[in-house]
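Engineer: Compact mmCIF, C-alpha atoms, file target38.txt:
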# COMPACT_ATOMS: atom_id res chain seq x y z
CA MET A 1 -25.17 -36.30 -58.51
CA GLU A 2 -26.45 -38.57 -61.29
CA PHE A 3 -26.89 -35.62 -63.68
CA LYS A 4 -23.31 -34.45 -63.04
CA GLN A 5 -21.99 -37.85 -64.14
CA TYR A 6 -24.17 -37.72 -67.25
CA PHE A 7 -22.99 -34.18 -67.99
CA ASP A 8 -19.31 -35.04 -67.49
CA ILE A 9 -19.51 -37.99 -69.91
CA GLY A 10 -21.16 -36.09 -72.75
CA TYR A 11 -20.35 -32.42 -72.31
CA LYS A 12 -17.22 -31.89 -70.17
CA GLU A 13 -14.96 -31.49 -73.20
CA MET A 14 -16.41 -30.89 -76.65
CA ILE A 15 -14.82 -30.39 -80.05
CA PHE A 16 -16.35 -28.01 -82.59
CA THR A 17 -15.44 -27.31 -86.19
CA ALA A 18 -16.00 -24.15 -88.18
CA ASN A 19 -15.12 -22.68 -91.56
CA ASN A 20 -15.79 -25.91 -93.48
CA GLY A 21 -13.70 -27.93 -91.03
CA ASP A 22 -10.61 -25.69 -91.35
CA THR A 23 -10.83 -24.43 -87.76
CA ILE A 24 -11.15 -26.68 -84.70
CA ILE A 25 -12.16 -25.36 -81.29
CA ALA A 26 -12.04 -27.35 -78.02
CA ILE A 27 -14.36 -26.20 -75.22
CA LYS A 28 -14.21 -27.49 -71.66
CA SER A 29 -17.25 -27.16 -69.39
CA ASN A 30 -17.67 -27.76 -65.69
CA TYR A 31 -21.08 -28.36 -64.10
CA SER A 32 -21.50 -27.21 -60.49
CA VAL A 33 -24.01 -29.33 -58.56
CA PRO A 34 -25.11 -26.83 -55.90
CA SER A 35 -25.64 -23.91 -58.29
CA SER A 36 -26.73 -25.80 -61.46
CA MET A 37 -24.39 -23.46 -63.35
CA VAL A 38 -21.98 -24.46 -66.07
CA THR A 39 -18.73 -22.59 -66.54
CA SER A 40 -17.12 -23.07 -69.94
CA SER A 41 -13.95 -21.96 -71.66
CA ILE A 42 -12.22 -22.40 -74.99
CA ILE A 43 -9.05 -24.34 -74.26
CA HIS A 44 -7.60 -25.02 -77.71
CA VAL A 45 -7.70 -23.59 -81.24
CA ASN A 46 -6.30 -25.58 -84.14
CA GLY A 47 -6.25 -25.13 -87.91
CA LYS A 48 -6.65 -21.89 -89.83
CA ARG A 49 -7.57 -18.37 -88.73
CA PHE A 50 -9.92 -16.31 -90.86
CA GLU A 51 -11.05 -12.74 -91.16
CA GLU A 52 -14.51 -11.85 -92.39
CA LYS A 53 -14.44 -9.34 -95.25
CA ARG A 54 -17.70 -7.54 -95.96
CA TRP A 55 -18.49 -6.27 -99.42
CA GLY A 56 -21.73 -4.66 -100.32
CA PHE A 57 -24.47 -4.55 -97.76
CA PHE A 58 -25.24 -8.26 -97.32
CA PHE A 59 -22.22 -10.19 -98.63
CA THR A 60 -19.21 -11.48 -96.73
CA ASP A 61 -16.22 -13.67 -97.54
CA LEU A 62 -13.78 -15.47 -95.28
CA VAL A 63 -10.15 -14.64 -95.97
CA GLU A 64 -7.45 -16.88 -94.50
CA ILE A 65 -5.01 -14.86 -92.38
CA GLU A 66 -2.96 -17.68 -90.83
CA SER A 67 -2.61 -21.43 -91.30
CA ASN A 68 -1.26 -24.16 -89.01
CA VAL A 69 -2.48 -22.51 -85.81
CA ARG A 70 -2.06 -24.66 -82.70
CA ALA A 71 -2.80 -22.63 -79.62
CA ASN A 72 -3.64 -23.66 -76.09
CA VAL A 73 -5.77 -20.81 -74.77
CA TYR A 74 -8.09 -19.93 -71.94
CA ILE A 75 -11.04 -17.89 -73.16
CA GLU A 76 -13.83 -17.81 -70.59
CA LEU A 77 -17.41 -18.00 -71.87
CA GLU A 78 -20.57 -16.76 -70.14
CA LYS A 79 -22.02 -19.10 -67.52
CA TYR A 80 -25.08 -21.17 -68.38
CA GLU A 81 -27.77 -22.30 -65.94
CA ILE A 82 -29.07 -25.85 -66.33
CA ASP A 83 -32.25 -27.45 -65.05
CA PRO A 84 -31.13 -31.05 -64.39
CA GLU A 85 -34.74 -32.22 -64.60
CA ASP A 86 -35.25 -30.73 -68.07
CA PHE A 87 -31.82 -30.40 -69.74
CA ASP A 88 -32.01 -28.97 -73.27
CA ASP A 89 -28.74 -30.04 -74.87
CA GLU A 90 -29.45 -28.21 -78.14
CA SER A 91 -29.88 -24.94 -76.26
CA PHE A 92 -26.66 -25.55 -74.32
CA ILE A 93 -24.69 -26.32 -77.49
CA GLN A 94 -26.10 -23.22 -79.20
CA HIS A 95 -25.05 -21.17 -76.16
CA LEU A 96 -21.47 -22.49 -76.53
CA ILE A 97 -21.44 -21.71 -80.27
CA ASP A 98 -22.79 -18.18 -79.76
CA GLU A 99 -20.39 -17.44 -76.91
CA ALA A 100 -17.33 -18.91 -78.66
CA THR A 101 -18.11 -16.97 -81.84
CA GLU A 102 -18.30 -13.72 -79.88
CA LYS A 103 -15.50 -14.20 -77.34
CA ILE A 104 -12.85 -15.49 -79.76
CA GLN A 105 -13.08 -12.18 -81.63
CA GLU A 106 -11.73 -10.46 -78.50
CA SER A 107 -8.79 -12.86 -78.06
CA ASN A 108 -5.21 -13.05 -79.32
CA VAL A 109 -6.25 -15.91 -81.67
CA CYS A 110 -9.02 -13.83 -83.19
CA THR A 111 -10.76 -15.68 -86.01
CA ALA A 112 -14.12 -15.67 -87.72
CA LEU A 113 -16.14 -18.81 -86.96
CA ASN A 114 -18.54 -19.55 -89.79
CA GLU A 115 -21.07 -22.40 -89.47
CA MET A 116 -19.67 -23.78 -86.23
CA GLU A 117 -20.92 -27.23 -85.22
CA VAL A 118 -20.13 -29.90 -82.65
CA VAL A 119 -18.21 -32.97 -83.81
Just dump the structure as structure tokens.
Structural biologist:
Amino acid sequence: MEFKQYFDIGYKEMIFTANNGDTIIAIKSNYSVPSSMVTSSIIHVNGKRFEEKRWGFFFTDLVEIESNVRANVYIELEKYEIDPEDFDDESFIQHLIDEATEKIQESNVCTALNEMEVV
């Protein structure tokens, strides 16, 4: 039970920025004690939406497609298993970034997320 309290204080709701701070993503996570699994979902998108334009073989640019986006959403991310005795917060945060980057592309607030980081 002690780990759940620790998790809820630091990781229950996290804010991420992407695209040089122009896009803000809120992710809510819930830790289940019996299963040691975390369920997470994107609950809010704020700022600007971008599309990634590829030119050449290696080069990409972000092109703004909408500004002043304020959307409450529910985009479920893949579950993540935690070992309460050896919690790797960097791995968990990277999981959220990878999942959010992938899943938001399939949503109605589709946007590219470049260099996403936790605030």
Engineer: For Phe50 of chain A, list every protein, DNA or RNA residue within 10 Å, evaluated using only C-alpha atoms, and leave out those in the same chain fewer than 5 positions away; present the list as a list in words.
Structural biologist: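 Result of the neighbour search: Asn19, Asp22, Thr23, Asp61, Leu62, Val63, Glu64, Ile65, Glu66, Ser67, Val109, Cys110, Thr111, Ala112, Leu113 and Asn114 of chain A.
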Engineer: Point out the residue among A:Glu115, A:Glu81, A:Phe87, A:Lys4 with the least atom-to-atom distance to Thr39 of chain A, counting only C-alpha atoms.
Structural biologist: A:Glu81
Engineer: May I ask which of the residues A:Asp86, A:Lys12, A:Glu76, A:Phe59 is the closest one to Glu102 of chain A, counting only C-alpha atoms?
Structural biologist: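 Checking each of A:Asp86, A:Lys12, A:Glu76, A:Phe59 against Glu102 of chain A, counting only C-alpha atoms, the winner is A:Glu76.
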Engineer: Quick check, in Å to one decimal: how far apart do atom CA of Ile25 of chain A and atom CA of Ile42 of chain A lie?
Structural biologist: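 These atoms are spaced 7.0 Å apart.
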Engineer: Report, in Å with one decimal, the straight-line distance from atom CA of Ser32 of chain A to atom CA of Ile82 of chain A.
Structural biologist: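 Going from atom CA of Ser32 of chain A over to atom CA of Ile82 of chain A covers 9.7 Å.
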Engineer: Check the smallest atom-to-atom distance from each of A:Ile24, A:Asp83, A:Ile43, A:Ile93 to Tyr11 of chain A using all atoms listed in the file, then report the winner.
Structural biologist: A:Ile93
Engineer: What's the separation between atom CA of Asp88 of chain A and atom CA of Ile104 of chain A, in Å to one decimal place?
Structural biologist: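 Result for atom CA of Asp88 of chain A versus atom CA of Ile104 of chain A: 24.3 Å, one decimal.
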Engineer: Please identify all polymer residues within 12 Å of Ile9 of chain A, counting all atoms listed in the file, omitting same-chain residues fewer than 6 positions from it, and present them as a list of chain:residue names.
Structural biologist: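 In the requested form, the answer reads A:Glu2, A:Phe3, A:Lys28, A:Ser29, A:Asn30, A:Tyr31.
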Engineer: May I have the residues within 12 Å of Leu96 of chain A as a PyMOL selection string, using only C-alpha atoms and disregarding those fewer than 5 positions away in the same chain?
Structural biologist: chain A and resi 11+13-16+25-29+38-42+75-80+89-91+101-104+116-118
Engineer: Which is closer to Asn46 of chain A than all the others in A:Val69, A:Phe7, A:Gln105, A:Glu85, using all atoms listed in the file?
Structural biologist: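 Among the listed residues, the smallest separation from Asn46 of chain A belongs to A:Val69.
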